[in-house]
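Asker: For reference, this is run.txt, and it has compact mmCIF, C-alpha atoms.
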# COMPACT_ATOMS: atom_id res chain seq x y z
CA MET A 24 25.28 71.31 97.42
CA ALA A 25 26.38 70.13 93.98
CA GLY A 26 26.56 66.58 95.31
CA VAL A 27 23.02 66.78 96.76
CA THR A 28 21.71 68.16 93.47
CA VAL A 29 23.33 65.33 91.50
CA ILE A 30 21.88 62.74 93.88
CA LEU A 31 18.37 64.18 93.60
CA VAL A 32 18.56 64.24 89.81
CA MET A 33 19.80 60.64 89.68
CA SER A 34 17.06 59.55 92.12
CA ALA A 35 14.37 61.21 90.04
CA ARG A 36 15.61 59.47 86.89
CA THR A 37 15.79 56.15 88.74
CA MET A 38 12.19 56.51 89.93
CA GLU A 39 11.12 57.15 86.33
CA LEU A 40 12.31 53.61 85.56
CA SER A 41 9.61 52.23 87.96
CA PRO A 42 11.88 49.97 90.04
CA ARG A 43 10.48 47.36 92.38
CA PRO A 44 9.19 48.70 95.72
CA GLU A 45 12.03 47.21 97.80
CA VAL A 46 14.61 48.73 95.38
CA ALA A 47 12.88 52.09 95.51
CA THR A 48 12.90 51.97 99.30
CA GLN A 49 16.64 51.22 99.39
CA LEU A 50 17.34 54.02 96.93
CA THR A 51 15.37 56.45 99.05
CA ARG A 52 17.34 55.45 102.16
CA LEU A 53 20.60 55.76 100.21
CA ASN A 54 19.62 59.22 99.01
CA VAL A 55 18.77 60.33 102.53
CA ALA A 56 22.07 58.95 103.85
CA LEU A 57 24.08 60.72 101.16
CA ILE A 58 22.22 63.97 101.78
CA VAL A 59 22.97 63.68 105.50
CA VAL A 60 26.64 62.97 104.77
CA PHE A 61 26.85 66.00 102.50
CA ALA A 62 25.09 68.12 105.13
CA VAL A 63 27.56 66.98 107.77
CA LEU A 64 30.50 67.72 105.47
CA LEU A 65 29.05 71.16 104.74
CA ALA A 66 28.67 71.83 108.47
CA CYS A 67 32.23 70.68 109.09
CA GLY A 68 33.48 72.95 106.31
CA VAL A 69 31.63 75.94 107.76
CA GLY A 70 32.92 75.14 111.22
CA LEU A 71 36.49 74.73 109.95
CA ALA A 72 36.28 78.05 108.10
CA PHE A 73 35.02 79.73 111.26
CA ILE A 74 37.85 78.20 113.32
CA VAL A 75 40.51 79.18 110.78
CA ARG A 76 39.08 82.67 110.55
CA HIS A 77 39.10 83.33 114.29
CA ALA A 78 42.09 81.24 115.31
CA VAL A 79 44.50 82.01 112.45
CA LEU A 80 43.39 84.70 110.02
CA ASN A 81 42.32 87.26 112.61
CA PRO A 82 45.63 87.03 114.56
CA ILE A 83 47.56 87.26 111.27
CA ASP A 84 45.50 90.30 110.34
CA ARG A 85 46.27 91.92 113.71
CA LEU A 86 49.99 91.18 113.32
CA THR A 87 49.93 92.56 109.77
CA THR A 88 48.29 95.77 111.03
CA GLN A 89 50.93 96.13 113.75
CA VAL A 90 53.79 95.54 111.30
CA ARG A 91 52.26 98.10 108.93
CA THR A 92 52.13 100.59 111.80
CA VAL A 93 55.84 100.07 112.50
CA ALA A 94 56.66 100.30 108.79
CA GLY A 95 54.73 103.59 108.70
CA GLY A 96 57.21 105.18 111.12
CA ASP A 97 55.95 104.29 114.61
CA PHE A 98 59.08 102.38 115.55
CA ASP A 99 58.17 102.23 119.24
CA HIS A 100 54.95 100.30 118.57
CA VAL A 101 55.18 96.88 120.27
CA LEU A 102 54.23 93.81 118.22
CA HIS A 103 52.13 91.35 120.21
CA VAL A 104 49.73 88.49 119.39
CA ASP A 105 48.26 86.16 122.05
CA ARG A 106 47.37 83.14 119.96
CA PRO A 107 48.04 80.76 118.39
CA ALA A 108 51.31 79.87 120.09
CA GLU A 109 53.30 79.64 116.85
CA LEU A 110 52.10 83.07 115.68
CA ALA A 111 52.75 84.52 119.14
CA GLU A 112 56.32 83.19 118.96
CA LEU A 113 56.75 84.69 115.49
CA ALA A 114 55.45 88.04 116.74
CA GLY A 115 57.95 87.88 119.60
CA HIS A 116 60.85 87.26 117.21
CA VAL A 117 59.77 90.11 114.92
CA ASP A 118 59.38 92.47 117.87
CA SER A 119 62.84 91.49 119.14
CA MET A 120 64.25 92.27 115.71
CA ARG A 121 62.43 95.62 115.78
CA ASP A 122 64.02 96.42 119.15
CA ARG A 123 67.50 95.64 117.84
CA ILE A 124 67.00 97.66 114.66
CA VAL A 125 65.63 100.65 116.59
CA ALA A 126 68.52 100.48 119.07
CA ALA A 127 71.08 100.29 116.25
CA TRP A 128 69.33 103.11 114.39
CA ARG A 129 69.43 105.36 117.44
CA VAL A 130 73.11 104.58 118.02
CA ALA A 131 73.77 105.41 114.35
CA ALA A 132 71.82 108.65 114.70
CA ASP A 133 73.90 109.60 117.75
CA GLN A 134 77.09 108.74 115.91
CA SER A 135 75.94 110.75 112.89
CA GLU A 136 75.32 113.75 115.11
CA GLU A 137 78.73 113.31 116.69
CA LEU A 138 80.26 113.02 113.21
CA ARG A 139 78.58 116.26 112.14
CA ARG A 140 79.95 117.97 115.21
CA SER A 141 83.39 116.53 114.56
CA ASN A 142 83.25 117.67 110.93
CA GLY A 143 82.34 121.14 112.11
CA GLU A 144 85.39 121.17 114.35
CA LEU A 145 87.49 119.87 111.47
CA GLU A 146 86.31 122.70 109.26
CA GLN A 147 87.23 125.18 111.97
CA PHE A 148 90.66 123.56 112.23
CA ALA A 149 91.04 123.72 108.45
CA TYR A 150 90.27 127.43 108.56
CA VAL A 151 92.83 127.97 111.31
CA ALA A 152 95.40 125.86 109.48
CA SER A 153 94.89 127.70 106.20
CA HIS A 154 95.15 131.14 107.76
CA ASP A 155 96.52 131.38 111.29
CA LEU A 156 99.15 128.64 110.97
CA GLN A 157 100.37 129.75 107.57
CA GLU A 158 101.18 133.29 108.62
CA PRO A 159 103.75 132.41 111.34
CA LEU A 160 105.46 130.01 108.92
CA ARG A 161 105.69 132.71 106.27
CA LYS A 162 107.19 135.07 108.83
CA VAL A 163 109.74 132.49 109.96
CA ALA A 164 110.87 131.84 106.38
CA SER A 165 110.82 135.52 105.42
CA PHE A 166 112.68 136.92 108.43
CA THR A 167 115.20 134.10 108.39
CA GLN A 168 116.00 134.89 104.79
CA MET A 169 116.22 138.60 105.63
CA LEU A 170 118.60 137.73 108.46
CA GLU A 171 120.87 135.93 106.01
CA GLN A 172 120.74 138.77 103.51
CA ARG A 173 121.54 141.47 106.08
CA TYR A 174 124.15 139.72 108.14
CA GLY A 175 125.41 137.25 105.57
CA THR A 176 128.95 138.62 105.61
CA GLN A 177 129.16 138.12 109.37
CA LEU A 178 127.93 134.52 109.32
CA ASP A 179 130.09 131.47 108.89
CA ASP A 180 129.15 128.49 106.77
CA ARG A 181 127.54 126.60 109.69
CA ALA A 182 125.27 129.56 110.51
CA LYS A 183 124.22 129.80 106.86
CA GLN A 184 123.51 126.08 106.89
CA TYR A 185 121.30 126.50 109.96
CA ILE A 186 119.40 129.30 108.24
CA HIS A 187 118.91 127.06 105.20
CA TYR A 188 117.51 124.31 107.43
CA ALA A 189 115.10 126.76 109.08
CA VAL A 190 113.82 128.14 105.78
CA ASP A 191 113.51 124.67 104.25
CA GLY A 192 111.63 123.38 107.31
CA ALA A 193 109.18 126.29 107.22
CA LYS A 194 108.51 125.81 103.51
CA ARG A 195 108.02 122.05 103.92
CA MET A 196 105.61 122.69 106.78
CA GLN A 197 103.61 125.07 104.55
CA LEU A 198 103.51 122.45 101.80
CA LEU A 199 102.45 119.76 104.27
CA ILE A 200 99.63 121.94 105.66
CA ASN A 201 98.37 122.69 102.15
CA ASP A 202 98.40 119.00 101.23
CA LEU A 203 96.56 118.07 104.43
CA LEU A 204 93.94 120.70 103.69
CA ASP A 205 93.46 119.32 100.19
CA PHE A 206 93.15 115.81 101.64
CA SER A 207 90.53 116.89 104.19
CA ARG A 208 88.49 118.84 101.63
CA VAL A 209 87.85 115.86 99.32
CA GLY A 210 84.15 115.04 99.52
CA ARG A 211 83.35 118.08 101.71
CA VAL A 212 84.26 121.29 99.96
CA THR A 213 83.30 120.63 96.35
CA SER A 214 80.90 122.04 93.78
CA GLY A 215 79.21 118.67 93.26
CA LYS A 216 79.42 116.10 90.48
CA THR A 217 78.37 116.74 86.91
CA ALA A 218 78.99 115.22 83.48
CA ILE A 219 82.40 116.51 82.40
CA GLU A 220 84.99 115.77 79.74
CA SER A 221 87.89 113.99 81.41
CA GLY A 222 90.15 115.32 78.67
CA VAL A 223 89.44 118.88 79.83
CA ALA A 224 90.52 117.97 83.37
CA LEU A 225 93.72 116.44 81.98
CA ASP A 226 94.40 119.58 79.91
CA ALA A 227 94.08 121.73 83.03
CA ALA A 228 96.45 119.41 84.93
CA LEU A 229 99.05 119.52 82.14
CA GLU A 230 98.78 123.30 82.03
CA ASN A 231 99.56 123.43 85.75
CA LEU A 232 102.57 121.16 85.18
CA SER A 233 103.77 122.83 81.97
CA ALA A 234 106.97 124.18 83.51
CA VAL A 235 107.95 120.83 85.05
CA ILE A 236 107.12 118.96 81.83
CA GLU A 237 109.21 121.37 79.77
CA ASP A 238 112.18 121.27 82.15
CA THR A 239 112.32 117.46 82.20
CA GLY A 240 111.56 116.97 78.49
CA ALA A 241 108.58 114.77 79.37
CA THR A 242 106.16 113.55 76.71
CA VAL A 243 102.49 112.99 77.62
CA THR A 244 100.23 111.09 75.22
CA ARG A 245 96.62 110.05 75.60
CA ASP A 246 93.77 108.00 74.23
CA GLU A 247 90.44 109.55 73.33
CA LEU A 248 89.22 110.39 76.84
CA PRO A 249 85.49 109.99 77.64
CA ARG A 250 82.84 111.97 79.51
CA VAL A 251 82.49 110.93 83.13
CA THR A 252 80.45 111.93 86.14
CA GLY A 253 82.65 113.81 88.55
CA ASN A 254 84.00 117.03 90.02
CA ARG A 255 86.24 118.89 87.60
CA MET A 256 88.51 120.41 90.25
CA GLN A 257 89.07 117.08 91.97
CA LEU A 258 89.69 115.19 88.72
CA THR A 259 92.17 117.83 87.64
CA ARG A 260 94.02 117.30 90.90
CA LEU A 261 93.91 113.52 90.33
CA PHE A 262 95.51 113.77 86.85
CA GLN A 263 97.98 116.35 88.10
CA ASN A 264 99.21 114.20 90.99
CA LEU A 265 99.60 111.08 88.86
CA VAL A 266 101.43 112.85 86.02
CA GLU A 267 103.59 114.74 88.50
CA ASN A 268 104.54 111.46 90.20
CA ALA A 269 105.46 109.95 86.82
CA VAL A 270 107.71 112.94 86.11
CA LYS A 271 109.24 112.99 89.60
CA PHE A 272 110.13 109.29 89.76
CA ARG A 273 111.73 109.21 86.32
CA ALA A 274 114.67 107.14 85.14
CA GLU A 275 117.65 108.42 83.17
CA GLU A 276 115.77 108.86 79.88
CA PRO A 277 113.14 111.61 79.50
CA PRO A 278 109.75 110.66 80.95
CA ARG A 279 107.16 109.17 78.61
CA ILE A 280 103.65 109.12 80.06
CA HIS A 281 100.48 107.72 78.50
CA ILE A 282 96.92 108.25 79.74
CA GLY A 283 94.52 105.54 78.54
CA ALA A 284 90.82 104.78 78.96
CA GLU A 285 88.53 101.86 78.10
CA ARG A 286 84.90 101.05 78.89
CA SER A 287 84.17 98.48 81.59
CA GLY A 288 80.43 98.08 82.14
CA ASP A 289 79.00 101.24 83.69
CA MET A 290 82.51 102.49 84.54
CA TRP A 291 85.46 103.86 82.58
CA GLU A 292 88.82 102.31 83.47
CA PHE A 293 91.66 104.83 83.17
CA SER A 294 95.38 104.14 83.24
CA CYS A 295 98.53 106.23 83.69
CA SER A 296 101.67 104.46 82.45
CA ASP A 297 105.24 105.75 82.55
CA ASN A 298 108.81 104.59 81.92
CA GLY A 299 110.12 105.61 85.35
CA ILE A 300 111.89 103.73 88.11
CA GLY A 301 108.84 101.58 88.87
CA ILE A 302 107.37 100.28 92.13
CA GLU A 303 107.82 96.80 93.55
CA PRO A 304 104.50 94.89 93.84
CA LYS A 305 105.04 94.30 97.56
CA TYR A 306 104.52 98.04 98.11
CA ALA A 307 101.23 98.10 96.17
CA ASP A 308 99.15 98.85 99.27
CA ARG A 309 101.64 100.86 101.28
CA ILE A 310 102.04 103.60 98.68
CA PHE A 311 98.39 104.65 99.12
CA LEU A 312 98.74 105.26 102.87
CA ILE A 313 99.12 108.85 104.00
CA PHE A 314 102.69 109.95 104.88
CA GLN A 315 104.14 106.66 103.56
CA ARG A 316 107.33 107.16 101.54
CA LEU A 317 109.48 104.61 99.70
CA HIS A 318 112.41 106.97 99.08
CA PRO A 319 114.35 109.49 101.20
CA ARG A 320 113.10 113.09 101.09
CA ASP A 321 116.46 114.42 99.91
CA VAL A 322 116.29 112.10 96.85
CA TYR A 323 112.61 112.56 95.90
CA PRO A 324 110.94 115.53 97.64
CA GLY A 325 107.31 115.47 98.70
CA THR A 326 104.99 115.03 101.67
CA GLY A 327 103.82 111.44 101.08
CA ILE A 328 100.18 112.49 100.66
CA GLY A 329 99.84 112.55 96.86
CA LEU A 330 98.73 108.97 96.18
CA ALA A 331 96.57 108.87 99.33
CA LEU A 332 94.83 111.99 98.02
CA CYS A 333 94.37 110.36 94.59
CA ARG A 334 92.75 107.27 96.11
CA LYS A 335 90.43 109.42 98.24
CA ILE A 336 89.37 111.41 95.17
CA VAL A 337 88.64 108.25 93.18
CA GLU A 338 86.71 106.65 96.05
CA TYR A 339 84.72 109.87 96.47
CA HIS A 340 83.62 109.42 92.84
CA GLY A 341 82.59 105.80 93.47
CA GLY A 342 85.59 104.16 91.81
CA ARG A 343 88.81 102.51 92.94
CA LEU A 344 92.52 103.14 92.32
CA TRP A 345 95.21 100.46 92.26
CA LEU A 346 98.74 99.71 91.12
CA ASP A 347 98.82 97.41 88.11
CA GLY A 348 101.38 94.76 89.00
CA ASP A 349 100.92 92.81 85.76
CA THR A 350 102.58 95.31 83.44
CA GLU A 351 105.64 94.17 81.55
CA GLY A 352 108.92 96.07 81.38
CA ARG A 353 110.05 99.08 83.35
CA GLY A 354 107.88 101.85 84.69
CA THR A 355 104.66 102.07 86.63
CA THR A 356 101.01 101.81 85.67
CA PHE A 357 98.21 103.08 87.87
CA ARG A 358 94.62 102.18 87.04
CA TRP A 359 91.41 103.72 88.34
CA THR A 360 87.70 103.68 87.53
CA LEU A 361 85.19 106.51 87.20
CA PRO A 362 81.44 106.32 86.52
CA VAL A 363 80.13 106.78 83.01
CA ALA A 364 78.35 110.09 82.51
CA GLY A 365 74.64 109.53 82.92
CA GLY A 366 75.19 105.99 84.19
Rewrite the structure from the file as structure tokens, please.

Answerer:
Amino acid sequence: MAGVTVILVMSARTMELSPRPEVATQLTRLNVALIVVFAVLLACGVGLAFIVRHAVLNPIDRLTTQVRTVAGGDFDHVLHVDRPAELAELAGHVDSMRDRIVAAWRVAADQSEELRRSNGELEQFAYVASHDLQEPLRKVASFTQMLEQRYGTQLDDRAKQYIHYAVDGAKRMQLLINDLLDFSRVGRVTSGKTAIESGVALDAALENLSAVIEDTGATVTRDELPRVTGNRMQLTRLFQNLVENAVKFRAEEPPRIHIGAERSGDMWEFSCSDNGIGIEPKYADRIFLIFQRLHPRDVYPGTGIGLALCRKIVEYHGGRLWLDGDTEGRGTTFRWTLPVAGG
């Protein structure tokens, strides 16, 4: 339309110049031809818009509506477009992807339900283990000790040794059950995560270990410890296990333990360093597996769950725990990360 208007204006101005009749005639024919060309182009444009609208835009609009329906929660809604062929193929691919996602989602939902049922059974087992299994063990240890006290003069050394084995086995079984319960409770039986002072958790751990620290002459130092997001009870157990390990696996000199912390992005990186017997780097992964021991039980007592429990606690808080193999000199350094409070 703009082109036609321009042509008409130019023709009118040309006619005002009073051209010769044959020139005027040719100009008129040229104007008519250009107007026809513009009319044809306009008709083609309208026709093309109509074709695009009905052949492309409408199918895309239908597919968009169907996808929006699925996104709204109707996951069983089938996506289908008849034409054009390319869009129909695209709709087929999207619908195939929807089928796979829905199938995987339903399998995950079934597995989640099975996991909830399994967790319920695990909680029942934990209750039985913490009550019903502990009582027989206490009776075995108690009555065996009473047997030794009452008939001790009639028993020879071998019989007393057998009684010692029985009592020791019962006590170790009690300790193992308690450690397994603590391991299973991480992430399930907690009071939630809040912003806490990590130094308070360390103080509670050192208070629990005060007798051991005093007996061994251990020295525990620390950096200024930050606020973190976590569970106070679990973090206390984390510090307690790591400090207790440092005291247990000590060298000849009195244990010296240092707890450090430094900021690393949105995490705090903690460290627990000691001057003990150390750990070879080749065992860096094995020590975090449950029931894995590097030393005989009669040399270093324990159940082999402590470091596995520490890693589970740290992972529950969204961090990671590892053995630092780059430290120089004797001793061991464990490092772990915890989220910054409010991060």

Asker: Could you build a table of the residues in region 157-240 of chain A lying no more than 9 Å from region 262-275 of chain A, giving for each the nearest pair of atoms and their separation in Å rounded to one decimal place, using only C-alpha atoms, ordered by chain and ascending residue number, as a Markdown table?

Answerer:
| residue | atom | partner | partner_atom | distance |
| --- | --- | --- | --- | --- |
| A:Ala224 | CA | A:Phe262 | CA | 7.4 |
| A:Leu225 | CA | A:Phe262 | CA | 5.8 |
| A:Ala227 | CA | A:Gln263 | CA | 8.4 |
| A:Ala228 | CA | A:Gln263 | CA | 4.7 |
| A:Leu229 | CA | A:Gln263 | CA | 6.8 |
| A:Asn231 | CA | A:Gln263 | CA | 7.6 |
| A:Leu232 | CA | A:Gln263 | CA | 7.3 |
| A:Val235 | CA | A:Val270 | CA | 8.0 |
| A:Ile236 | CA | A:Val270 | CA | 7.4 |
| A:Thr239 | CA | A:Val270 | CA | 7.5 |

Asker: Show me the residues close to (96.6, 105.0, 81.5) - anything with an atom within 7 Å, counting all atoms listed in the file - and format the list as a list in words.

Answerer: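 Protein, DNA and RNA residues close to (96.6, 105.0, 81.5): His281, Ile282, Gly283, Ala284, Phe293, Ser294, Cys295, Ser296, Thr356, Phe357 and Arg358 of chain A.
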
Asker: Taking (90.1, 112.2, 81.3) in the file's coordinates as the center, which residues reach within 10 Å of it, counting only C-alpha atoms, put as a PyMOL selection string?

Answerer: chain A and resi 219-226+245-251+255+258-259+261-262+282-284+291+293-294+361

Asker: Near Ile336 (chain A), within 10 Å and counting only C-alpha atoms, which residues show up once chain neighbours fewer than 4 positions away are dropped, as JSON, numbers by chain?

Answerer: {"A": [206, 208, 209, 210, 253, 254, 257, 258, 260, 261, 330, 331, 332, 340, 341, 342, 343, 344]}

Asker: Rounded to one decimal in Å, what is the spacing between CA of Arg279 (chain A) and CA of Lys335 (chain A)?

Answerer: 25.8 Å

Asker: Point out the residue among A:Ala364, A:Ile186, A:Ala111, A:Ala127 with the least atom-to-atom distance to Arg286 (chain A), counting all atoms listed in the file.

Answerer: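 Residue with the minimum atom-to-atom distance to Arg286 (chain A): A:Ala364.
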
Asker: What is the CA of Glu292 (chain A)-CA of Pro277 (chain A) distance in Å, reported with one decimal?

Answerer: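 Distance reported for this atom pair: 26.3 Å.
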
Asker: Between CA of Leu113 (chain A) and CA of Ala132 (chain A), what is the distance, to one decimal in Å?

Answerer: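 Computing the Euclidean distance for CA of Leu113 (chain A) and CA of Ala132 (chain A) yields 28.3 Å.
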
Asker: Using only C-alpha atoms, which residue out of A:Leu138, A:Arg85, A:Trp345, A:Ala126 lies closest to Ala114 (chain A)?

Answerer: A:Arg85

Asker: Check the smallest atom-to-atom distance from each of A:Pro82, A:Gly327, A:Gly354, A:Gly365 to Leu198 (chain A) using all atoms listed in the file, then report the winner.

Answerer: A:Gly327

Asker: Nearest to Val75 (chain A): which of A:Asp191, A:Leu53, A:Val151, A:Pro107 is it, counting only C-alpha atoms?

Answerer: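 Checking each candidate against Val75 (chain A), we get A:Pro107 as the closest.
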